[in-house]
Amino acid sequence: MKLQRHHLAWGLLIAGGLALAAAGEAMLSGYERTVLGFAGIYAMLAISLSFSNGLTGLFSLGHPAFMMVGGYVAAILTFPANRKGFMLPALPEWMASWQWPLFPATLAGGVAAALLAVVAGFPVLRLRGHYLAVATLGLIIILRVVINNADGLTRGALGLNGIPRHTDLWWILGWLALCLLVCWRLKYSSVGRSLLAIRENEMAAACMGVPRARAKLAAFTLGAFFAGVGGALWAHLLTNLTPGSFNIALAFMLVVMVVIGGSGSLIGAGVAAIAITFLSEALRPLEQAMGAYGLVQIVIALLLIAMLLLRPQGLFGSAEPAFLRPSTAEHRAARPLSQAEEREV
Amino acid sequence: MRFRSLLMAAGALALASAVLPAQGEAQEPIRVAALYALTGGMSSLDGPSLKGAELHVDQINEAGGVLGRPLELVVFDTRTDQQVTATAAQEAVSSGVVAGFGQSDTTFVMAAAPTFQEAQIPFVTSGATHPMLPTWVGDFMFMAAFGDDDQSYAIADYAYDSLGHRRVYVWTDNSMDFTRALTAFFKERFEERGGEIIDEDFFMMGDTDFSAQIARLEAVDPPPDAVFISAIPSEAGLTVRQIREAGIEMDIISGDGFDTELVASVPGPELANNVYFSTHTYLADDRPEVQEFIDAYTEKFGHAPENSFAPLGYDAIGLIANAIERAGSDDPIAIRDALAETRDYPAVTGTISYTRENMVPPKPVSIVSVQSAKFAVEEIWRPE
Amino acid sequence: MSGGYLLQQVLNGLVLGSFYALVAVGFSMIYGIVRLINFAHGDVVMVGAFAAFGILLVYGLPLWAAVLAVMTLGAILAMLIDLVAFRPQRGAPQVNGFITSLGVSILMQNLGILLLSGQPRPFNLPGWLRSNLELAGARVTVLELVTIVVTLLVLLGLTLFVRGTRLGIAMRATAENPAAAQLMGIKVNRAIATAFALGGALAALAGLLWAGRAGQIHPLMGFVPGLKAFVAAVIGGVGSLVGAVLGGYLLGFAEVLFVGLLPPAYGSYRDAFVFGLLILILLILPNGLLGRAAEERA
């Protein structure tokens, strides 16, 4: 393929990410790496939510529920085997001796979350708009109650602590890149176009033969998978997980990031997530110095309101930044070439 | 952005320390991190704790500081949020503090303390009371307060012996580990003494309506001698008020989650009666350090200490300062060793020694009663 | 399980449901007319409670004056929220209004924390309201009875208002089709302001009653009522006033009866049961109890 502008842009983006991760791991303190790490995790969460909510027009508040599933499954798997037995007595014998490394545990967490999404999605995705919001809110609450009461499996209200701190900037970068890649490719494929069609006018989409139920379920499940991964990475960054870790306030915050970035824009969601995370941390010393606790939230709330007043479509609207997309001319020229290449392979 | 400003700050500091004379060394403050939830549900406990600590820091510095150097608190508002607490702990251990303290609840201590343990910096929790904390976290974890087992046994014994209770109904806040542990220890002790636990009802932190549980309590026949309510301050006043308003006269007993003026002010003088709870000792204790603390606190803040978490904060930083003096150095590991060897430290909330193997200090427990919205210390239970 | 016990629990559910209904009906009214979720509605409840606190305990005004003052304050505050947050968002995607109101909510909560401190305060209405009455073997306080009666009166009043008065009909017309309403000479902005004012007044009143019953206030107390109002309104069918009231009562009954009628050990599963029930209802009735099928806004 010819080297095009957007290839260059992506290359630079990836190189930048790698450089940041390398520099971060080498030079930053534990606290700074944690903040950077959270920025990356939030970005992944926002991007996946942008895909399932923004692109499809679903109003799902369910991300924290999937994070809970992913986080707990992964943490239970990676928990040191020497303590697992007596800390989680309800765990079957053969599981208590397991001690998985991060990658398979994260994968398992994501898959578990995806399974939950499929099971819950069948009934719940028939709902639209605010009704779906309430149903997904219910998911969070039901899951929290279940985890809180399953003492033998999850240690209930006390939660899991001493989770091995496996997450580092490399893992976060890797998963973030994967999430962006998958969502991006799907967005600019027929799948993405069907989702957009559903969002714009579900009735018309149905008339055009778009398999609505399957498409919505697929988007929902994909979002849930990455939310589960996000939860797993979160647990191994914070080393601590309780039933209250992922709550309704978090659900709202993620929706805020998606809307600020522009509903349907993946890069927008990621940028908004990172910006909001850094802003909160940067303002904290000010709040402390002034003794005015609550100030950070006020500033963020004001910025939120102003942002929506001045730029209601969000940072990027539904589009992605132009320099990351193939230009129309290049796209037309590139197409016959890539098809020919495919035949070669 | 932050990295660059750090780089600039580091450069400026390097330049300054190269240019300025070395006398700066002797005046360099000893920095200790204070992690408290100044907003959110735990603020009614953490707020006074921080104030107590600040009072003590002022007193220490007026008397010449620690090892001749001023003591400085680096305060973090942990907002009753676990993620914020954990991030604050990360920031604290990266910022050159020699020790950390704070937090009044087990769940939040567990979000912060493991980070300190890993960084080999001692952490003293002023208000958390779970007896397994030092075992769970490690040898850099210290408690300024008694364990829930001690306080539950104290109130269970008092209920059985002094109040004559034989049949008790239990209400538990199921969303907090502290309240669940308190209930577990209470039930264990009360049944061991020969009492009967009739049944257990649940609620969650944040609930404001207890009518369903109250109706069930009313329907118990014959009526229980008392109801044990395992709750934190935000629900303490509410439960007492709603129970009394329904005309239920039985005794209400609890642990240190009831140590808040809300237990008296929310029900009011007509309804705040026959409430008994165990808590950290300081009121009605005739040791000189107690009255001195109360006077100094009132002078500095214009009102008396809000609850026993104020002297706990005072004691936590006191333990640390005392350990630094005995260690003779500001090395966190030396401070940790000195802390572990603390014997008979004259804290406001009772003498502190780490003599037990599980590192939970054996401390006195006060049984406090509320009658006509007035608090009175009924008994002080001293551990063996 | 005795009849007296059952009646008591039903009564408890009725009281709790009345609170939720009062807040939900204002919420639904606002949604009906501007198609925007007002997340700051719960915080109007909080302001109502604090205003009542100030007026009763600090200024010592008589109860009836306090109620009027609180409701007026709630109305003004709600209209202000409309002006600042919602009016600029008309025409924008629905979720923007949701987020803006979320911003307003966060603002109000944190201003409360900053100015009034996050610590809970005791709050008491005059003593005669808190005295107990016997009703067929069940116990109810005067305040609780007042709450139930007020809620039912409010529903009656609103229905009459919306059916019978010019302003009420203007509101319904605006809710149905703002463009056509405007063409017919209806002052759309006034209709919308009225909806907000009514909703705000009811929310503030609910705050006074809620705080009076519980006995405690704090700046974050509006979050839960706001959320419950949202849930109740959705279950009842967003935009339907009667639906919101029904949804409120359903929620109240579910919360009380799941604790009261199941063995105590299940008490810790209350929230899961309540939401499980709600999701079940939505599956059978995807537009809520009384909602119409979602209209496509051209």
# chains A, B, ... in the order shown; residues from 1 in each chain; ligands from 1
>>> select_by_dssp(residues="region 95-178 of chain B", states="alpha helix (DSSP H)", output="number ranges by chain")
B: 106-118, 133-137, 148-161, 177-178
>>> interface_residues(of="chain C", to="chain B", cutoff="8 Å", atoms="only C-alpha atoms", output="list in words")
Tyr5, Gln8, Gln9, Asn12, Leu16, Ile113, Gly118, Gln119, Pro120, Arg121, Pro122, Phe123, Asn124, Arg130, Ser131, Asn132, Arg139, Ala214, Gly215, Gln216, Val256, Leu257, Val259, Gly260, Pro264, Ala265, Gly267 and Ser268 of chain C
>>> write_last_selection(atoms="C-alpha atoms", output="PDB file, in the first residue's frame")
ATOM      1  CA  TYR C   5     -48.358  -6.176  60.895  1.00  0.00           C
ATOM      2  CA  GLN C   8     -48.457  -1.419  59.153  1.00  0.00           C
ATOM      3  CA  GLN C   9     -46.122  -2.378  56.347  1.00  0.00           C
ATOM      4  CA  ASN C  12     -45.195   2.335  55.520  1.00  0.00           C
ATOM      5  CA  LEU C  16     -42.556   6.170  51.334  1.00  0.00           C
ATOM      6  CA  ILE C 113     -20.610  21.183  50.921  1.00  0.00           C
ATOM      7  CA  GLY C 118     -20.865  18.125  54.523  1.00  0.00           C
ATOM      8  CA  GLN C 119     -21.840  17.102  58.044  1.00  0.00           C
ATOM      9  CA  PRO C 120     -25.423  16.034  58.675  1.00  0.00           C
ATOM     10  CA  ARG C 121     -27.634  18.313  60.749  1.00  0.00           C
ATOM     11  CA  PRO C 122     -30.702  17.454  62.798  1.00  0.00           C
ATOM     12  CA  PHE C 123     -34.008  18.770  61.508  1.00  0.00           C
ATOM     13  CA  ASN C 124     -37.321  18.776  63.327  1.00  0.00           C
ATOM     14  CA  ARG C 130     -44.642  13.893  65.040  1.00  0.00           C
ATOM     15  CA  SER C 131     -47.291  12.521  67.377  1.00  0.00           C
ATOM     16  CA  ASN C 132     -48.676   9.076  66.702  1.00  0.00           C
ATOM     17  CA  ARG C 139     -49.418   3.316  63.821  1.00  0.00           C
ATOM     18  CA  ALA C 214     -36.149  11.308  58.674  1.00  0.00           C
ATOM     19  CA  GLY C 215     -34.837  13.935  61.069  1.00  0.00           C
ATOM     20  CA  GLN C 216     -31.561  14.765  59.351  1.00  0.00           C
ATOM     21  CA  VAL C 256     -40.840  -1.633  52.197  1.00  0.00           C
ATOM     22  CA  LEU C 257     -42.528  -4.923  51.397  1.00  0.00           C
ATOM     23  CA  VAL C 259     -37.926  -6.042  53.632  1.00  0.00           C
ATOM     24  CA  GLY C 260     -41.096  -6.435  55.635  1.00  0.00           C
ATOM     25  CA  PRO C 264     -35.038 -10.810  57.711  1.00  0.00           C
ATOM     26  CA  ALA C 265     -32.081 -12.589  56.165  1.00  0.00           C
ATOM     27  CA  GLY C 267     -33.207  -7.827  53.891  1.00  0.00           C
ATOM     28  CA  SER C 268     -29.749  -7.307  52.498  1.00  0.00           C
TER      29      SER C 268
END
>>> atom_distance(atom1="CA of Met44 (chain A)", atom2="CA of Glu32 (chain A)")
18.5 Å
>>> closest_atom_pairs(of="chain C", to="chain A", cutoff="7 Å", atoms="only C-alpha atoms", output="CSV")
residue,atom,partner,partner_atom,distance
C:Pro88,CA,A:Leu309,CA,6.6
C:Ala92,CA,A:Pro312,CA,6.8
C:Asn96,CA,A:Leu308,CA,6.9
C:Ile99,CA,A:Val256,CA,6.3
C:Thr100,CA,A:Ile305,CA,5.4
C:Gly103,CA,A:Ala301,CA,4.5
C:Val104,CA,A:Ala301,CA,6.8
C:Ile106,CA,A:Ala301,CA,6.2
C:Leu107,CA,A:Ile298,CA,5.1
C:Asn110,CA,A:Gly294,CA,5.2
C:Ile113,CA,A:Gly294,CA,6.6
C:Leu114,CA,A:Gly294,CA,6.1
C:Val231,CA,A:Val134,CA,6.2
C:Val234,CA,A:Tyr131,CA,6.2
C:Tyr269,CA,A:Val145,CA,6.1
C:Asp271,CA,A:Ile141,CA,6.8
C:Ala272,CA,A:Ile142,CA,4.3
C:Phe275,CA,A:Gly138,CA,5.2
C:Ile279,CA,A:Ala135,CA,5.6
C:Leu283,CA,A:Pro123,CA,6.8
C:Pro286,CA,A:Leu127,CA,5.8
>>> residues_around(residues="region 178-181 of chain C", least_positions_apart="5", cutoff="12 Å", atoms="only C-alpha atoms", output="list in words")
Gly32, Ile33, Val34, Arg35, Arg90, Gly91, Ile169, Ala170, Met171, Arg172, Ala173, Ile186, Lys187, Val188, Asn189, Arg190, Ala191, Ile192, Arg297 and Ala298 of chain C
>>> write_last_selection(atoms="N, CA and C atoms", output="compact mmCIF listing (two decimals), in the first residue's frame")
# COMPACT_ATOMS: atom_id res chain seq x y z
N GLY C 32 -41.95 15.82 30.41
CA GLY C 32 -43.04 15.84 29.44
C GLY C 32 -42.99 17.06 28.56
N ILE C 33 -42.57 18.17 29.15
CA ILE C 33 -42.69 19.41 28.39
C ILE C 33 -41.42 19.80 27.64
N VAL C 34 -40.25 19.45 28.15
CA VAL C 34 -39.04 19.82 27.43
C VAL C 34 -38.24 18.61 26.98
N ARG C 35 -38.75 17.41 27.27
CA ARG C 35 -38.06 16.20 26.84
C ARG C 35 -36.63 16.13 27.35
N ARG C 90 -32.24 23.46 24.36
CA ARG C 90 -33.40 22.99 23.59
C ARG C 90 -33.01 22.78 22.15
N GLY C 91 -33.33 21.62 21.66
CA GLY C 91 -32.94 21.34 20.27
C GLY C 91 -31.70 20.48 20.20
N ILE C 169 -53.63 23.67 29.87
CA ILE C 169 -53.80 23.16 28.50
C ILE C 169 -52.65 23.62 27.63
N ALA C 170 -52.21 24.85 27.88
CA ALA C 170 -51.04 25.34 27.14
C ALA C 170 -49.85 24.44 27.38
N MET C 171 -49.69 24.00 28.64
CA MET C 171 -48.58 23.11 28.96
C MET C 171 -48.70 21.80 28.19
N ARG C 172 -49.92 21.26 28.16
CA ARG C 172 -50.09 19.99 27.46
C ARG C 172 -49.83 20.15 25.97
N ALA C 173 -50.29 21.28 25.44
CA ALA C 173 -50.07 21.53 24.01
C ALA C 173 -48.58 21.62 23.71
N ILE C 186 -49.61 30.17 21.60
CA ILE C 186 -49.33 29.84 23.00
C ILE C 186 -47.93 30.32 23.35
N LYS C 187 -47.83 30.97 24.51
CA LYS C 187 -46.51 31.41 24.95
C LYS C 187 -45.78 30.20 25.51
N VAL C 188 -44.98 29.62 24.64
CA VAL C 188 -44.32 28.36 24.98
C VAL C 188 -43.40 28.52 26.17
N ASN C 189 -42.64 29.60 26.18
CA ASN C 189 -41.71 29.79 27.30
C ASN C 189 -42.42 29.87 28.63
N ARG C 190 -43.59 30.51 28.60
CA ARG C 190 -44.32 30.63 29.87
C ARG C 190 -44.83 29.27 30.32
N ALA C 191 -45.30 28.48 29.35
CA ALA C 191 -45.78 27.15 29.70
C ALA C 191 -44.66 26.32 30.31
N ILE C 192 -43.49 26.41 29.69
CA ILE C 192 -42.36 25.64 30.20
C ILE C 192 -41.96 26.12 31.59
N ARG C 297 -39.00 12.24 17.27
CA ARG C 297 -39.01 13.70 17.19
C ARG C 297 -38.36 14.09 15.87
N ALA C 298 -39.13 14.67 14.97
CA ALA C 298 -38.59 15.00 13.64
C ALA C 298 -37.55 16.10 13.75
>>> closest_atom_pairs(of="chain A", to="chain B", cutoff="6 Å", atoms="only C-alpha atoms", output="CSV")
residue,atom,partner,partner_atom,distance
A:Tyr31,CA,B:Gln90,CA,4.5
A:Ala157,CA,B:Asp177,CA,5.2
A:Leu158,CA,B:Asp177,CA,5.1
>>> select_by_dssp(residues="region 32-72 of chain B", states="strand (DSSP E)", output="list in words")
Val32, Ala33, Ala34, Leu35, Tyr36, Leu71 and Glu72 of chain B
>>> write_last_selection(atoms="C-alpha atoms", output="compact mmCIF listing (two decimals), in the first residue's frame")
# COMPACT_ATOMS: atom_id res chain seq x y z
CA VAL B 32 3.90 13.38 57.75
CA ALA B 33 0.97 12.58 55.47
CA ALA B 34 -2.57 12.95 56.83
CA LEU B 35 -5.21 11.08 54.81
CA TYR B 36 -8.75 12.02 55.82
CA LEU B 71 6.56 18.90 62.16
CA GLU B 72 4.55 19.43 59.01
